[in-house]
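Undergrad: Below is one structure. I have some questions about it.
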Amino acid sequence: MSPSHRAPRRKLSRRQVLGFAALAAVPAATVTALQIRPDDGPAEATSSPGRPATGAPRASAAAPPAVVTKGGGTVPFRPGKAMLGAYLDLSGTTRAQAQKLRREQIGRDERILNVFYDWDDLLPRSIDGLPEHAFPMVSWRGTRYADITSGASDDLIARAARRLKSIGRPLLLRWGWEMNGDWYDWGAVRNDKNAKGFVDSWKRLHRIFGEQGADNVAWVWSPNWNSSPVADWNTYAALYPGDKYVDWVGVSGYNLHHENPETLFGPIYRSYAARKPILITEVGAVDRGGRTKADWITLFADWVTAHPAVGGVTWFDTDTHPGYTEKWRIDTDAESLKAYVAMAKSARFSG
């Protein structure tokens, strides 16, 4: 949807120092979740409201791979501990007011705050309303691959890197998400089915950020749970930039067509969890009456508990997404809020 010892002696990089500092600062009882922004695309995604679940991988009961024991870059992964955060945008409230409401309801702050920016926006030097111990996740929209691989956007990318560097704290950068869908200009389907073009674009961004010293950035590669269309050039593997260029593997998924969490997140977990920590970058539950929404939240929490390489979740906590009657916010009814609070207060979500 959308809106690193002492012998041999060597100096630690700024990226390493930031990573250690972030790990030391992680509170014992904090959590993270996933989300989106109102103008960023659930309406356009196959896993988002109003779209058929095309290209869905078959659910499998296969045992998950061995959990990763390190990773995350400057936003450190803690095995068995998931950060819980959100994209938070509630009608009639400022971001600060929305954060205050959720703090009162849940008894804790968000651990990840997802914010969205267009390709040519000035990326932030600071994040308004960011809780003290939270990590920003900057979801930065892409552009056509030729705009990047030609070098035409090098100055824009360098500017973005300098601005994110100036934040001065670890952050998650989620560029060009859901690239395996047919709804964004940076999807392979809209770029002549050229998966290599996406990979080359990603690597160019990564290189320029390095040249600008933006080593506080942890890179989040985040496809949609299913591909549209289904094709060899549009698979996870074809679009993956490589372990050297990715710190977290993310994924978007919603139960728009009654999908269970294993259907949505099992395939990518089995593909990458032995190599990289997993971040559920967008997730929400449809209310089909009665306890359906509350029960799905509980089912999701149980799935994460059984999959220790999941290091973060960002909920799509909003009721402002244009064109949607579905209210994705967590407190549409008392039972749903109760289920979410139980998840947020559990030890599994204390990352």
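Following the order of the structure tokens, chains are lettered A, B, ..., residues in each are numbered from 1, and ligands are numbered from 1.
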Write out as a list in words each polymer residue whose atoms come within 9 Å of Asp333 (chain A), counting only C-alpha atoms; drop sequence neighbours fewer than 4 positions from it.

TA: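 The residues that qualify are Lys293, Ala294, Leu337 and Lys338 of chain A.
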
Undergrad: Give me the residues within 6 Å of Gly197 (chain A) as an MDAnalysis selection string, counting only C-alpha atoms and dropping any in the same chain fewer than 3 places off.

TA: chainID A and resid 145 194 200

Undergrad: Interatomic distance between CA of Tyr87 (chain A) and CA of Val217 (chain A)?

TA: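 Atom-to-atom, CA of Tyr87 (chain A) to CA of Val217 (chain A), that is 18.9 Å.
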
Undergrad: Pick out the closest residue to Trp119 (chain A) from this set: A:Gly142, A:Gly351, A:Pro79, A:Gly242. Count only C-alpha atoms.

TA: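 Using only C-alpha atoms, the shortest distance to Trp119 (chain A) belongs to A:Gly142.
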
Undergrad: Please identify the strand (DSSP E or B) residues within region 149-251 of chain A (assignment by DSSP from backbone atoms) and present them as a list of chain:residue names.

TA: A:Leu171, A:Leu172, A:Leu173, A:Arg174, A:Trp175, A:Val217, A:Ala218, A:Trp219, A:Val220, A:Trp221, A:Asn224, A:Trp248, A:Val249, A:Gly250, A:Val251

Undergrad: Please write the residues from the selection above to a file, keeping N, CA, C and O atoms, as a compact mmCIF listing (two decimals), in the first residue's frame.

TA:
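Printed below is result03.txt as written:
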# COMPACT_ATOMS: atom_id res chain seq x y z
N LEU A 171 18.09 4.92 11.37
CA LEU A 171 16.77 4.91 10.77
C LEU A 171 16.69 3.82 9.71
O LEU A 171 17.70 3.33 9.21
N LEU A 172 15.48 3.45 9.38
CA LEU A 172 15.19 2.46 8.34
C LEU A 172 14.81 3.20 7.07
O LEU A 172 13.97 4.12 7.10
N LEU A 173 15.41 2.82 5.94
CA LEU A 173 15.06 3.39 4.65
C LEU A 173 14.43 2.31 3.79
O LEU A 173 15.08 1.32 3.45
N ARG A 174 13.20 2.51 3.44
CA ARG A 174 12.43 1.56 2.63
C ARG A 174 12.15 2.21 1.27
O ARG A 174 11.13 2.85 1.06
N TRP A 175 13.10 2.02 0.35
CA TRP A 175 12.96 2.64 -0.96
C TRP A 175 12.30 1.68 -1.94
O TRP A 175 12.59 0.48 -1.95
N VAL A 217 21.86 4.77 8.02
CA VAL A 217 20.71 4.19 7.32
C VAL A 217 20.79 2.66 7.30
O VAL A 217 21.81 2.09 6.92
N ALA A 218 19.70 2.02 7.71
CA ALA A 218 19.52 0.58 7.54
C ALA A 218 18.57 0.37 6.36
O ALA A 218 17.48 0.94 6.32
N TRP A 219 19.00 -0.46 5.40
CA TRP A 219 18.28 -0.61 4.14
C TRP A 219 17.23 -1.72 4.22
O TRP A 219 17.56 -2.87 4.53
N VAL A 220 15.98 -1.35 3.91
CA VAL A 220 14.85 -2.29 3.97
C VAL A 220 14.36 -2.56 2.55
O VAL A 220 13.81 -1.67 1.88
N TRP A 221 14.55 -3.79 2.08
CA TRP A 221 14.02 -4.24 0.79
C TRP A 221 12.67 -4.88 1.05
O TRP A 221 12.55 -5.81 1.84
N ASN A 224 5.91 -6.86 -2.16
CA ASN A 224 4.57 -7.26 -1.76
C ASN A 224 4.57 -8.76 -1.52
O ASN A 224 5.40 -9.49 -2.05
N TRP A 248 17.48 -5.38 6.17
CA TRP A 248 16.23 -6.01 6.58
C TRP A 248 15.45 -6.43 5.32
O TRP A 248 15.41 -5.68 4.34
N VAL A 249 14.79 -7.58 5.38
CA VAL A 249 13.85 -7.98 4.34
C VAL A 249 12.45 -7.69 4.85
O VAL A 249 12.03 -8.21 5.89
N GLY A 250 11.76 -6.82 4.14
CA GLY A 250 10.40 -6.45 4.52
C GLY A 250 9.37 -7.11 3.63
O GLY A 250 9.68 -7.73 2.62
N VAL A 251 8.11 -6.92 3.99
CA VAL A 251 7.01 -7.47 3.20
C VAL A 251 5.72 -6.77 3.60
O VAL A 251 5.50 -6.45 4.78

Undergrad: Between A:Ser201, A:Tyr117, A:Asn260, A:Glu110, single out the one closest to Ala152 (chain A), counting only C-alpha atoms.

TA: A:Ser201

Undergrad: Measure the distance from CA of Lys100 (chain A) to CA of Gly284 (chain A) in Å and round it to one decimal.

TA: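 Distance between the two atoms: 20.8 Å.
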
Undergrad: Using the chain letters and numbers from this document, which residues of region 291-347 of chain A does DSSP assign to helix (DSSP H, G or I), as a PyMOL selection string?

TA: chain A and resi 292-305+334-345+347

Undergrad: With only C-alpha atoms as the atoms that count, which of A:Leu264, A:Ile112, A:Leu156, A:Leu84 lies nearest to Pro136 (chain A)?

TA: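 Of the candidates, the smallest distance to Pro136 (chain A) is held by A:Ile112.
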
Undergrad: I'd like the neighbourhood of Thr143 (chain A) as a PyMOL selection string, where a residue qualifies if any of its atoms comes within 9 Å (using only C-alpha atoms), though same-chain residues fewer than 2 positions away should be ignored.

TA: chain A and resi 119+141+145-148+176+184-187

Undergrad: Looking at A:Arg111, A:Lys345, A:Lys276, A:Lys327, which one is nearest to Phe77 (chain A), with distances taken over only C-alpha atoms?

TA: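 Smallest separation from Phe77 (chain A) among the options: A:Lys276.
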
Undergrad: For Ala342 (chain A), which of A:Asn255, A:Lys193, A:Ala301, A:Ala82 is the closest residue, counting only C-alpha atoms?

TA: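 When distances to Ala342 (chain A) are compared using only C-alpha atoms, the smallest one comes from A:Ala301.
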
Undergrad: From the set A:Thr298, A:Asp192, A:Glu326, A:Pro64, which residue has the shortest atom-to-atom contact distance to Pro267 (chain A), counting only C-alpha atoms?

TA: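 Nearest to Pro267 (chain A): A:Pro64.
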
Undergrad: Quick one: residues within 9 Å of Ala285 (chain A), only C-alpha atoms counted, chain neighbours fewer than 6 positions away excluded, as number ranges by chain?

TA: A: 254-256, 292-294, 296-297, 316, 328-330
